[in-house]
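See below for protein_32.txt, which holds compact mmCIF, C-alpha atoms.
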```txt
# COMPACT_ATOMS: atom_id res chain seq x y z
CA MET A 1 99.31 124.52 89.34
CA ARG A 2 97.02 127.57 89.59
CA GLU A 3 97.36 128.36 85.89
CA LEU A 4 96.40 124.80 84.89
CA ILE A 5 93.00 124.75 86.57
CA GLY A 6 90.27 124.33 83.98
CA SER A 7 92.57 123.61 81.04
CA HIS A 8 94.13 120.39 82.38
CA ASP A 9 92.70 117.20 83.79
CA LEU A 10 94.22 116.11 87.10
CA LEU A 11 95.34 112.66 88.27
CA PHE A 12 96.47 111.98 91.83
CA VAL A 13 97.79 108.47 92.47
CA THR A 14 98.83 107.25 95.91
CA LEU A 15 100.86 104.05 95.83
CA ASP A 16 99.71 103.07 99.29
CA THR A 17 102.54 101.95 101.63
CA LEU A 18 105.32 102.14 99.01
CA ARG A 19 108.72 102.46 100.66
CA TYR A 20 111.17 104.98 99.23
CA ASP A 21 114.20 102.69 99.45
CA ILE A 22 112.48 99.85 97.62
CA ALA A 23 111.08 102.22 94.98
CA VAL A 24 114.62 103.51 94.29
CA GLU A 25 116.13 100.01 94.24
CA CYS A 26 113.53 98.85 91.72
CA LEU A 27 114.17 101.91 89.56
CA GLN A 28 117.95 101.49 89.61
CA GLY A 29 117.64 97.77 88.95
CA GLY A 30 115.51 98.28 85.84
CA ARG A 31 112.49 96.61 87.42
CA THR A 32 110.14 99.57 86.88
CA PRO A 33 110.90 100.65 83.30
CA TYR A 34 107.72 102.64 82.77
CA LEU A 35 108.26 104.73 85.87
CA GLN A 36 111.84 105.34 84.77
CA LYS A 37 110.46 106.64 81.48
CA VAL A 38 107.92 109.09 82.94
CA LEU A 39 109.46 110.30 86.20
CA PRO A 40 111.22 113.67 85.86
CA GLY A 41 114.89 112.88 85.28
CA GLY A 42 114.05 109.20 85.57
CA MET A 43 114.15 109.49 89.36
CA TRP A 44 111.89 109.53 92.39
CA GLU A 45 112.08 112.59 94.62
CA ARG A 46 112.76 111.81 98.28
CA ARG A 47 110.17 113.45 100.53
CA HIS A 48 108.66 113.20 104.01
CA THR A 49 105.01 112.29 104.46
CA PRO A 50 102.79 114.34 106.82
CA ALA A 51 101.51 111.18 108.55
CA SER A 52 102.42 107.57 109.20
CA PHE A 53 99.24 105.86 108.00
CA THR A 54 96.70 106.15 105.20
CA TYR A 55 93.77 107.94 106.84
CA ALA A 56 95.79 110.78 108.37
CA ALA A 57 98.08 111.18 105.36
CA HIS A 58 95.20 111.56 102.90
CA HIS A 59 93.43 114.14 105.03
CA ALA A 60 96.63 116.19 104.92
CA PHE A 61 97.09 115.59 101.18
CA PHE A 62 93.59 116.76 100.30
CA ALA A 63 94.09 119.94 102.37
CA GLY A 64 97.19 120.70 100.31
CA PHE A 65 99.93 119.19 102.45
CA LEU A 66 101.59 116.77 100.04
CA PRO A 67 104.82 115.03 101.11
CA THR A 68 107.40 117.71 101.93
CA PRO A 69 110.79 118.00 100.20
CA VAL A 70 113.59 116.92 102.51
CA THR A 71 115.63 120.05 101.74
CA PRO A 72 115.20 123.12 103.98
CA GLY A 73 112.11 125.20 103.15
CA PRO A 74 109.79 126.90 102.98
CA HIS A 75 108.48 125.09 99.89
CA GLU A 76 105.61 126.51 97.85
CA ARG A 77 102.72 124.07 97.71
CA MET A 78 100.91 123.05 94.51
CA PHE A 79 97.47 123.59 96.05
CA ALA A 80 96.16 124.69 99.41
CA ALA A 81 92.97 125.27 101.35
CA ARG A 82 92.82 128.95 102.21
CA PHE A 83 93.55 129.78 105.83
CA GLY A 84 95.09 132.72 107.63
CA GLY A 85 98.82 132.61 108.26
CA SER A 86 99.76 130.09 105.59
CA GLU A 87 103.45 130.58 104.74
CA THR A 88 103.71 128.03 101.94
CA SER A 89 101.12 129.37 99.48
CA GLY A 90 102.73 131.26 96.61
CA PRO A 91 101.93 132.74 93.20
CA GLY A 92 101.71 129.29 91.60
CA THR A 93 99.57 127.71 94.31
CA PHE A 94 95.96 126.85 93.51
CA VAL A 95 94.25 128.21 96.63
CA PHE A 96 90.65 127.14 97.15
CA ASP A 97 87.95 128.33 99.54
CA ALA A 98 87.00 124.86 100.69
CA PRO A 99 88.31 122.42 103.30
CA ASP A 100 89.61 119.93 100.75
CA LEU A 101 90.86 119.66 97.17
CA PRO A 102 87.94 117.65 95.68
CA THR A 103 85.45 120.25 96.92
CA GLY A 104 87.63 123.09 95.68
CA LEU A 105 87.98 121.52 92.25
CA ALA A 106 84.24 120.82 92.05
CA ALA A 107 83.65 124.54 92.59
CA ALA A 108 86.05 125.17 89.68
CA GLY A 109 83.94 122.97 87.39
CA TYR A 110 85.68 119.61 87.74
CA HIS A 111 84.01 116.23 87.99
CA THR A 112 85.75 114.49 90.91
CA VAL A 113 86.22 110.72 91.04
CA CYS A 114 87.66 108.53 93.80
CA LEU A 115 88.79 104.97 93.11
CA GLY A 116 89.66 103.64 96.54
CA GLY A 117 91.90 100.73 97.39
CA VAL A 118 92.78 100.04 101.02
CA GLY A 119 90.25 99.65 103.82
CA PHE A 120 89.93 103.36 104.61
CA PHE A 121 88.07 103.67 101.28
CA ASN A 122 85.75 100.72 101.88
CA PRO A 123 82.25 102.18 102.49
CA ALA A 124 81.08 99.12 104.42
CA ALA A 125 81.95 101.01 107.64
CA PRO A 126 81.26 104.70 108.38
CA LEU A 127 84.99 105.44 108.70
CA GLY A 128 85.50 104.19 105.15
CA ARG A 129 83.01 106.71 103.81
CA VAL A 130 84.79 109.83 105.06
CA LEU A 131 87.48 110.22 102.39
CA PRO A 132 85.33 108.95 99.48
CA GLY A 133 82.59 111.33 100.68
CA LEU A 134 84.69 114.29 99.56
CA PHE A 135 84.16 113.31 95.91
CA ALA A 136 81.20 113.64 93.57
CA GLU A 137 81.67 110.02 92.54
CA ALA A 138 83.42 107.30 94.56
CA HIS A 139 83.92 103.61 93.92
CA TRP A 140 85.24 100.71 95.95
CA GLU A 141 84.81 96.99 95.52
CA ARG A 142 86.68 93.94 96.75
CA ALA A 143 88.47 93.71 93.39
CA PHE A 144 90.17 97.06 94.23
CA GLY A 145 91.36 95.93 97.65
CA VAL A 146 94.51 94.61 99.28
CA THR A 147 93.77 90.92 98.66
CA ALA A 148 93.04 91.30 94.93
CA PRO A 149 96.11 90.50 92.76
CA ASP A 150 94.86 92.70 89.88
CA CYS A 151 93.53 95.55 92.01
CA LEU A 152 94.91 98.34 89.83
CA GLY A 153 93.67 96.64 86.66
CA ALA A 154 90.15 96.56 88.10
CA GLN A 155 90.36 100.25 89.03
CA ILE A 156 91.48 101.16 85.51
CA ASP A 157 88.59 99.17 84.05
CA ARG A 158 86.17 101.21 86.18
CA LEU A 159 87.83 104.48 85.23
CA ALA A 160 87.49 103.62 81.54
CA MET A 161 83.74 103.24 82.03
CA ILE A 162 83.53 106.58 83.87
CA ILE A 163 85.50 108.45 81.22
CA GLU A 164 83.40 106.96 78.44
CA GLY A 165 80.28 108.54 79.95
CA LEU A 166 81.80 111.92 80.82
CA PRO A 167 81.47 114.91 78.43
CA VAL A 168 84.92 115.80 77.11
CA GLU A 169 84.39 119.49 77.84
CA ARG A 170 84.07 118.75 81.59
CA PRO A 171 87.49 118.71 83.29
CA LEU A 172 88.18 115.62 85.39
CA PHE A 173 89.99 115.07 88.68
CA THR A 174 90.76 111.40 89.25
CA PHE A 175 92.13 110.07 92.52
CA VAL A 176 93.39 106.47 92.64
CA ASN A 177 94.56 104.78 95.83
CA VAL A 178 96.54 101.70 94.75
CA ALA A 179 96.40 98.87 97.30
CA ALA A 180 98.95 96.47 95.76
CA LEU A 181 101.93 97.49 97.93
CA HIS A 182 99.98 97.19 101.19
CA GLN A 183 100.12 93.93 103.08
CA PRO A 184 99.35 91.22 102.13
CA ASN A 185 101.56 91.40 99.04
CA LYS A 186 103.16 87.94 99.04
CA HIS A 187 100.87 86.88 96.18
CA TYR A 188 103.02 88.94 93.78
CA LEU A 189 106.02 86.64 94.28
CA PRO A 190 105.28 82.97 93.50
CA GLY A 191 106.33 80.71 96.34
CA ALA A 192 106.67 83.46 98.93
CA ALA A 193 105.45 82.39 102.36
CA ASP A 194 105.40 85.85 103.94
CA ASP A 195 105.37 89.52 103.05
CA GLY A 196 108.75 91.23 102.91
CA PRO A 197 110.91 93.60 100.89
CA ALA A 198 111.05 91.14 97.98
CA THR A 199 107.26 90.80 97.74
CA HIS A 200 106.90 94.57 98.16
CA ALA A 201 109.20 95.05 95.17
CA ALA A 202 107.29 92.47 93.15
CA ALA A 203 104.05 94.36 93.87
CA LEU A 204 105.64 97.54 92.54
CA GLU A 205 106.65 95.70 89.35
CA TYR A 206 103.00 94.73 88.91
CA VAL A 207 101.91 98.36 89.29
CA ASP A 208 104.57 99.59 86.87
CA GLY A 209 103.22 97.22 84.24
CA LEU A 210 99.81 98.95 84.33
CA LEU A 211 100.73 102.63 84.58
CA ASP A 212 101.03 103.05 80.81
CA ARG A 213 97.41 101.96 80.48
CA LEU A 214 96.31 104.33 83.25
CA PHE A 215 98.19 107.32 81.86
CA THR A 216 97.00 106.63 78.32
CA LEU A 217 93.43 106.60 79.60
CA VAL A 218 93.63 109.90 81.49
CA THR A 219 95.17 111.66 78.48
CA SER A 220 92.59 110.30 76.04
CA ARG A 221 90.12 113.17 76.57
CA GLY A 222 91.89 115.72 74.38
CA ARG A 223 93.48 117.71 77.20
CA PRO A 224 96.81 117.49 79.04
CA CYS A 225 96.88 115.96 82.50
CA GLN A 226 98.72 117.11 85.62
CA VAL A 227 99.88 113.99 87.46
CA ILE A 228 100.87 113.65 91.10
CA ILE A 229 102.13 110.19 92.11
CA CYS A 230 103.53 109.35 95.51
CA SER A 231 103.36 107.08 98.51
CA ASP A 232 101.37 108.04 101.58
CA HIS A 233 103.76 106.28 103.98
CA GLY A 234 106.22 103.41 104.07
CA THR A 235 106.09 100.24 106.11
CA LEU A 236 108.39 97.97 108.12
CA TYR A 237 109.30 94.33 107.68
CA GLY A 238 111.07 93.67 110.97
CA GLU A 239 113.42 96.67 111.03
CA ASP A 240 114.22 97.56 114.66
CA GLY A 241 111.65 94.96 115.69
CA HIS A 242 108.72 96.68 113.96
CA THR A 243 106.25 95.26 111.47
CA GLY A 244 103.78 97.52 109.70
CA HIS A 245 103.52 101.28 110.04
CA ARG A 246 101.89 104.00 112.22
CA VAL A 247 105.24 104.40 113.97
CA ALA A 248 107.87 107.15 113.73
CA HIS A 249 110.54 105.35 111.70
CA GLU A 250 112.65 106.53 108.77
CA ALA A 251 111.27 103.80 106.50
CA VAL A 252 107.72 104.96 107.28
CA TRP A 253 108.22 108.73 107.05
CA THR A 254 110.35 108.77 103.88
CA VAL A 255 108.34 108.35 100.67
CA PRO A 256 108.83 108.58 96.89
CA TYR A 257 107.15 111.50 95.13
CA ALA A 258 106.83 112.91 91.59
CA ASP A 259 104.66 115.35 89.69
CA PHE A 260 104.64 116.04 85.95
CA ILE A 261 102.36 116.92 83.04
CA LEU A 262 101.33 114.44 80.38
CA ASP A 263 100.39 115.73 76.94
CA ALA A 264 96.98 114.91 75.52
CA ARG A 265 96.89 111.85 73.28
```
Starting from the file, give its structure as C-alpha cells.
Amino acid sequence: MRELIGSHDLLFVTLDTLRYDIAVECLQGGRTPYLQKVLPGGMWERRHTPASFTYAAHHAFFAGFLPTPVTPGPHERMFAARFGGSETSGPGTFVFDAPDLPTGLAAAGYHTVCLGGVGFFNPAAPLGRVLPGLFAEAHWERAFGVTAPDCLGAQIDRLAMIIEGLPVERPLFTFVNVAALHQPNKHYLPGAADDGPATHAAALEYVDGLLDRLFTLVTSRGRPCQVIICSDHGTLYGEDGHTGHRVAHEAVWTVPYADFILDAR
C-alpha cells in the first residue's frame, strides 16, 4: 500500500456485523453477484477480527490492525501507526507518524471523509463523536442508521455531493460504515417477524445491489482506488444460547475480508 499513497484514492468499507458463514453462503448461492464479480478470485477471505464489537474493532482498524489472516503469521500489514517493536510492518506497509490512519493520510495530503452508520458514529452522544472525530469531514444522520432500509443508498447520495465539491487533484480517503446487517434487519425480508440468519442474508443482498454504484462513484475522479471491504465482527442468532455479539464465539470472531484495486473510470 505504501507505493499507492498519493496516486490512488482509498475506500474502506465495513459491513458492520456481517457474519462470515452467511457471506460465503450468499456468495455460493449466487445471491451477491456483484461481490462475486469484484472479490479477488470471486471469494471472501476468512479472517479473525481484533475485537468483538464495533467501537473496539474500528479503533484497532484505524491503527493498522485489520482482520488477521487465519493462517499462521506473521502477516505484513497494509498500513500501521509507527511504534517501537512492531513485527508486522514490512516494505509494503504504509507507516504513518500518527495514532490513526485518517490523521496519517491527512498529513499525506488526503481529504478524509467518514460516513457513519451504527450508533458509535452518531454524534448525538460524546461517545459517538470519537471515531468520526478522526476525520476532516464526518457525516451521520438517521437515514444512515440501523433502522433505515436504504441506509447505504443515503450514504452514497451524500458521498456523491462531497465528491462533486472536491478538487480532483486532492486524493480522497472515504470510510463507510454500513449499518444494514446490524440488528434490526428483519425489514429486508418481507413478512419476517424477527431478525435471524435469513434476514441477515437479505440485508447483504440489499448491500450487494448498491456496491456497483458506490464503486463507480469512488473511481469517477480520474484515479484508481484501493478498496478494503470487510466486517468488523459477526453476530449470534441463538447459537449456544447467545444473541448479539461482544462475546468470544467463532461466529463473532470470524469475518469476511477482501482488498483490491479498482481502475479509474
Pick the closest to A:Leu236 from A:Leu18, A:Ile5, A:Leu11, A:Leu115: which is it, counting all atoms listed in the file? A:Leu18
From the options A:Pro126, A:Gly145, A:Pro190, A:Pro132, which residue's atoms come nearest to A:Pro102, counting all atoms listed in the file?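 Using all atoms listed in the file, the shortest distance to A:Pro102 belongs to A:Pro132.
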List the spatial neighbours of A:Ala138 as number ranges by chain - criterion: any atom at most 9 Å away, only C-alpha atoms, same-chain residues fewer than 3 positions off excluded. A: 112-116, 121, 132-135
Those selected residues, please, written with C-alpha atoms and delivered as a short mmCIF file (atom, residue, chain, number, x, y, z; two decimals), in the coordinates of the input.
```cif
data_model
loop_
_atom_site.label_atom_id
_atom_site.label_comp_id
_atom_site.auth_asym_id
_atom_site.auth_seq_id
_atom_site.Cartn_x
_atom_site.Cartn_y
_atom_site.Cartn_z
CA THR A 112 85.75 114.49 90.91
CA VAL A 113 86.22 110.72 91.04
CA CYS A 114 87.66 108.53 93.80
CA LEU A 115 88.79 104.97 93.11
CA GLY A 116 89.66 103.64 96.54
CA PHE A 121 88.07 103.67 101.28
CA PRO A 132 85.33 108.95 99.48
CA GLY A 133 82.59 111.33 100.68
CA LEU A 134 84.69 114.29 99.56
CA PHE A 135 84.16 113.31 95.91
#
```
Please report the interatomic distance between atom CA of A:Val227 and atom CA of A:Trp140 in Å with one decimal.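 Atom-to-atom, atom CA of A:Val227 and atom CA of A:Trp140 are spaced 21.5 Å apart.
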Select, from A:Pro171, A:Ala106, A:His139, A:Glu250, the residue with the minimum atom-to-atom distance to A:Arg221, counting all atoms listed in the file. A:Pro171
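Restricting the calculation to all atoms listed in the file, the smallest distance between A:Gly117 and any of A:Asp16, A:Asp208, A:Glu76, A:Glu137 is found for A:Asp16.
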Can you tell me how far atom CA of A:Gly244 sits from atom CA of A:Leu127, in Å to one decimal?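 Distance reported for this atom pair: 20.4 Å.
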Return the single residue from A:Tyr237, A:Phe96, A:Phe175, A:Tyr20 that is closest to A:Ala198, with distances computed using all atoms listed in the file. A:Tyr237
For A:Gly238, which residue out of A:Asp212, A:Thr254, A:Asp195, A:Leu262 is the nearest one, using only C-alpha atoms?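 The closest residue to A:Gly238 is A:Asp195.
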Between atom CA of A:Thr216 and atom CA of A:Gly165 - distance in Å to one decimal: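 These two atoms are separated by 16.9 Å.
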Polymer residues at most 10 Å from A:Ala81, only C-alpha atoms, same-chain spacing of 2 or more positions, as a list in words: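 Once the nearby chain positions are removed, what remains is Phe62, Ala63, Gly64, Phe65, Phe79, Phe83, Gly84, Ser86, Ser89, Thr93, Phe94, Val95, Phe96, Asp97, Ala98, Pro99, Asp100, Leu101 and Gly104 of chain A.
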If we draw a sphere of 12 Å around (95.1, 112.7, 108.9), which residues have at least one atom in it when counting all atoms listed in the file? Please report them as a tab-separated table (two decimals) with C-alpha atoms, in the frame of the given file.
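Result written to part.tsv:
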```tsv
chain	number	residue	atom	x	y	z
A	49	THR	CA	105.01	112.29	104.46
A	50	PRO	CA	102.79	114.34	106.82
A	51	ALA	CA	101.51	111.18	108.55
A	52	SER	CA	102.42	107.57	109.20
A	53	PHE	CA	99.24	105.86	108.00
A	54	THR	CA	96.70	106.15	105.20
A	55	TYR	CA	93.77	107.94	106.84
A	56	ALA	CA	95.79	110.78	108.37
A	57	ALA	CA	98.08	111.18	105.36
A	58	HIS	CA	95.20	111.56	102.90
A	59	HIS	CA	93.43	114.14	105.03
A	60	ALA	CA	96.63	116.19	104.92
A	61	PHE	CA	97.09	115.59	101.18
A	62	PHE	CA	93.59	116.76	100.30
A	63	ALA	CA	94.09	119.94	102.37
A	64	GLY	CA	97.19	120.70	100.31
A	65	PHE	CA	99.93	119.19	102.45
A	66	LEU	CA	101.59	116.77	100.04
A	120	PHE	CA	89.93	103.36	104.61
A	130	VAL	CA	84.79	109.83	105.06
A	131	LEU	CA	87.48	110.22	102.39
A	232	ASP	CA	101.37	108.04	101.58
A	233	HIS	CA	103.76	106.28	103.98
A	246	ARG	CA	101.89	104.00	112.22
```
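The protein and nucleic acid residues lying at most 12 Å from A:Met161 are Val113, His139, Ala154, Gln155, Ile156, Asp157, Arg158, Glu164, Gly165, Leu166, Leu217 and Val218 of chain A, with all atoms listed in the file considered and sequence neighbours fewer than 3 positions away removed.
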Quick one: residues within 12 Å of (113.8, 101.8, 94.7) (file frame), counting only C-alpha atoms, please, as a ChimeraX atom specification. /A:18-33,35-36,42-46,197-198,200-202,204-205,255-257
Would you place a box with edges along x, y and z of the file around all atoms of stretch 3-21 of chain A listed there, add 6 Å to each of its six sides, and report the centre and edge lengths in Å to one decimal, as AutoDock Vina command-line options?
```
--center_x 102.2 --center_y 115.2 --center_z 91.3 --size_x 35.9 --size_y 38.4 --size_z 32.6
```
